[in-house]
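Structure first, commentary second.
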Amino acid sequence: MLMWVSGLSAQIPQWVIHPDYSSIKLLGNGYYVVSQDGKYGMLNDREEVVVPLEYDNMSQFKEGMALLYQNGKFVAYVNDRGQLTDVASHQYGPVASFAFSDNYLLVTNRTGYYFIHSKGGGTIGPFSDGMPFCEGYAAVKVPKSQKHVFDGASVLQYISSATGKPVSISSSDIDAEDVDFLSSVSNGKSIVVAKKRVYEYDFNEGVLTPLSMDGTDNKKARVYTPERLVAPVQQGSGYVVALKQGSMVFDGKMRLTAIHYPGQDPLTFEVPEDYEPEPESSLRGVTFDDTDLLGLSYNGDVIMPAQFERISKLSGDEALVLVNGKYGVLTINTKRSCRYMFNDNMDIGFEHKSVKTNVKVVCPPSMKLSLMSLTSCDEKLHISTDTRRETANVESAVLSYECTMSIPDIINLERSRSTTRVALNYDGLKFMPQEIPFNTWYVNNYNVELPKHQISGGKLEVEIVVKYTGESGYAYFKDVSVEAEDSVLSTITKVTEELYKAQFYNWKNEKVEFSVDVSEDGCPTISYPFSLEVKDSQTGKQKTESATVTKPVAKARLRTRKPAPKPAPKSDFKL
């Protein structure tokens, strides 16, 4: 018996999302944004629809929230677990390209600007205008009359996302009525313009400080705007505010990025990036020299041969792959493994050029047998697909086939190690071939005897009897020949299926050493060595009379065939 220690596949790739979609976004939490036929929705990792595929568009997720559109209108928002809030009846329109920040989204409709909460717990507003929350604060225009939000007087203020209430930035010199411009908060500070002067407000200290080009209290270095009514001008993805000499540059969220002033190098300000680091992955795409398709590796081991048109996203133990023009998501289940068995893990003694045997794969019970098949990756192993057999219980799912194994190129009369290879195909995926070792030997089914021999006229004549001893009782087609030392000439004649006559000439030594070689078609040759005396032990002269001697004992040995050299592989893979 050969204890099974082989064929373990520690990584079982499986579909999380089958390749049926035009696009897929991996959210990294067991949920996925998918599109199909121009419609967007969401699935979970059980391929259950959590948001119907009926929306024309879906924004990127920010702070775990995304916006949904139908017919060009903002109709709902959804979190990254598929919990949806419908806002179609409010006829909101998101402001510019803003997303959720500090749990709030800035929207507008005919009644004003509002901040709606990500959990649908009410709104803040209305306001005459506003910018999104940054670092807990948002700059807004607060109308003095709720009846005239857009056409009445208003003042500029900051509101807090924690309380929803205004934050005072007044000082002894200015009050809310004097404020002409407020920027968004960046790194705890913002820009305030009041009475044409530019100030920096520190939210942590609650201090309003005049902004100067040299960082001093020098009044000549103070920054001024040309008009009382400050009007930001959109430029690219940001805004520009004119100064008496120069300009201030803001990003799309109205956070200060630079001040340009004549005759001096620009003052630049760092803005926190909205950046979500990509999770590290144990998966890598694998390229092959002879195909444009990609395979897949896990922790450096190639586990899938070339079969994907693209592997465009790797996240943790998941990969976004393109197959036949459609996207799907693969994962690696390290808790599932399959084992492969050949000949029921028994040794194989080859009596002839092939044996009937079996091959099987034992998989976890969660794997569906109907989606499973085995393919031979060994030219000597032929799997009979019509002998497929499935067995399933609470412990395992077993797929087995009957098969035919041809005799290995390298085999001995004693037990030795050999291998064969099969590959599992599951749910439309091809796995890397698995090598299955087994013990094998070549069974000697022949007995060779020399009943008699005689020397006459310089010729040694030998009778050779070759008997088949196999249990089947059927003598297979065989070839019998003799091999002698180089100086000896020899011939052999077949008399019957068992009886042969050999003749030897031109020997020079006291003994003629030769072998009787027996081989079946497609099998290695069994060689039986013999040694016969050809000189009189007393005179040392060559024997000329007939003689019968005791039957020599032959110890068979295998003359192994040399396999044809295999061509160098046409391709190699690269990570």
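Ligands are numbered from 1 in the order shown, chains are lettered A, B, ... in the order of the structure tokens, and residues start at 1 in each chain.
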
Could you give me, as a PDB file with all heavy atoms, in the first residue's frame, the residues within 6 Å of segment 62-67 of chain A, counting only C-alpha atoms and dropping anything in the same chain fewer than 2 positions from it?
```
ATOM      1  N   MET A  58     -23.933  54.972 -11.323  1.00  0.00           N
ATOM      2  CA  MET A  58     -23.634  54.953  -9.895  1.00  0.00           C
ATOM      3  C   MET A  58     -22.288  55.623  -9.700  1.00  0.00           C
ATOM      4  O   MET A  58     -21.327  55.335 -10.416  1.00  0.00           O
ATOM      5  CB  MET A  58     -23.595  53.515  -9.374  1.00  0.00           C
ATOM      6  CG  MET A  58     -23.287  53.416  -7.880  1.00  0.00           C
ATOM      7  SD  MET A  58     -23.151  51.711  -7.250  1.00  0.00           S
ATOM      8  CE  MET A  58     -24.842  51.170  -7.408  1.00  0.00           C
ATOM      9  N   SER A  59     -22.213  56.536  -8.729  1.00  0.00           N
ATOM     10  CA  SER A  59     -20.969  57.248  -8.486  1.00  0.00           C
ATOM     11  C   SER A  59     -19.966  56.337  -7.783  1.00  0.00           C
ATOM     12  O   SER A  59     -20.289  55.237  -7.339  1.00  0.00           O
ATOM     13  CB  SER A  59     -21.232  58.481  -7.617  1.00  0.00           C
ATOM     14  OG  SER A  59     -21.510  58.080  -6.274  1.00  0.00           O
ATOM     15  N   GLN A  60     -18.731  56.826  -7.654  1.00  0.00           N
ATOM     16  CA  GLN A  60     -17.732  56.137  -6.853  1.00  0.00           C
ATOM     17  C   GLN A  60     -18.120  56.213  -5.377  1.00  0.00           C
ATOM     18  O   GLN A  60     -18.791  57.148  -4.943  1.00  0.00           O
ATOM     19  CB  GLN A  60     -16.352  56.772  -7.057  1.00  0.00           C
ATOM     20  CG  GLN A  60     -15.823  56.664  -8.471  1.00  0.00           C
ATOM     21  CD  GLN A  60     -15.481  55.238  -8.849  1.00  0.00           C
ATOM     22  OE1 GLN A  60     -14.931  54.490  -8.054  1.00  0.00           O
ATOM     23  NE2 GLN A  60     -15.820  54.859 -10.068  1.00  0.00           N
ATOM     24  N   TYR A  77     -29.302  57.089  -2.668  1.00  0.00           N
ATOM     25  CA  TYR A  77     -27.912  56.828  -2.292  1.00  0.00           C
ATOM     26  C   TYR A  77     -27.866  55.521  -1.518  1.00  0.00           C
ATOM     27  O   TYR A  77     -28.865  55.059  -0.957  1.00  0.00           O
ATOM     28  CB  TYR A  77     -27.288  57.984  -1.518  1.00  0.00           C
ATOM     29  CG  TYR A  77     -28.001  58.419  -0.256  1.00  0.00           C
ATOM     30  CD1 TYR A  77     -27.652  57.888   0.991  1.00  0.00           C
ATOM     31  CD2 TYR A  77     -29.002  59.394  -0.306  1.00  0.00           C
ATOM     32  CE1 TYR A  77     -28.282  58.302   2.146  1.00  0.00           C
ATOM     33  CE2 TYR A  77     -29.642  59.812   0.852  1.00  0.00           C
ATOM     34  CZ  TYR A  77     -29.280  59.264   2.073  1.00  0.00           C
ATOM     35  OH  TYR A  77     -29.909  59.684   3.219  1.00  0.00           O
ATOM     36  N   VAL A  78     -26.689  54.912  -1.551  1.00  0.00           N
ATOM     37  CA  VAL A  78     -26.555  53.559  -1.025  1.00  0.00           C
ATOM     38  C   VAL A  78     -25.224  53.439  -0.300  1.00  0.00           C
ATOM     39  O   VAL A  78     -24.234  54.060  -0.698  1.00  0.00           O
ATOM     40  CB  VAL A  78     -26.654  52.523  -2.168  1.00  0.00           C
ATOM     41  CG1 VAL A  78     -25.537  52.694  -3.181  1.00  0.00           C
ATOM     42  CG2 VAL A  78     -26.681  51.100  -1.646  1.00  0.00           C
ATOM     43  N   ASN A  79     -25.204  52.646   0.787  1.00  0.00           N
ATOM     44  CA  ASN A  79     -23.926  52.417   1.449  1.00  0.00           C
ATOM     45  C   ASN A  79     -23.260  51.185   0.858  1.00  0.00           C
ATOM     46  O   ASN A  79     -23.829  50.503  -0.010  1.00  0.00           O
ATOM     47  CB  ASN A  79     -24.087  52.316   2.970  1.00  0.00           C
ATOM     48  CG  ASN A  79     -24.822  51.059   3.420  1.00  0.00           C
ATOM     49  OD1 ASN A  79     -25.047  50.136   2.647  1.00  0.00           O
ATOM     50  ND2 ASN A  79     -25.208  51.025   4.678  1.00  0.00           N
ATOM     51  N   ASP A  80     -22.048  50.894   1.314  1.00  0.00           N
ATOM     52  CA  ASP A  80     -21.274  49.820   0.687  1.00  0.00           C
ATOM     53  C   ASP A  80     -21.734  48.425   1.104  1.00  0.00           C
ATOM     54  O   ASP A  80     -21.082  47.430   0.786  1.00  0.00           O
ATOM     55  CB  ASP A  80     -19.782  49.989   0.963  1.00  0.00           C
ATOM     56  CG  ASP A  80     -19.464  50.066   2.440  1.00  0.00           C
ATOM     57  OD1 ASP A  80     -20.362  49.828   3.275  1.00  0.00           O
ATOM     58  OD2 ASP A  80     -18.301  50.371   2.783  1.00  0.00           O
TER      59      ASP A  80
END
```

Within 12 Å of Gly152 of chain A using only C-alpha atoms, minus same-chain residues under 4 positions, as a VMD selection string: chain A and resid 112 127 to 128 141 to 148

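Here the question is which of A:Thr419, A:Asn44, A:Thr85, A:Gln234 gets nearest to Ile116 of chain A using only C-alpha atoms, and that residue is A:Thr85.
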
Among listed residues A:Asp56, A:Glu497, A:Glu270, A:Asp347, nearest Pro437 of chain A (using only C-alpha atoms): A:Asp347

Backbone DSSP call of strand (DSSP E or B) for segment 238-414 of chain A, listed as a PyMOL selection string: chain A and resi 238-242+247-250+256-260+267-268+281+283-288+291-298+301-308+310-316+318-323+326-333+338-342+348-350+354-363+372-376+381-383+389-392+397-406
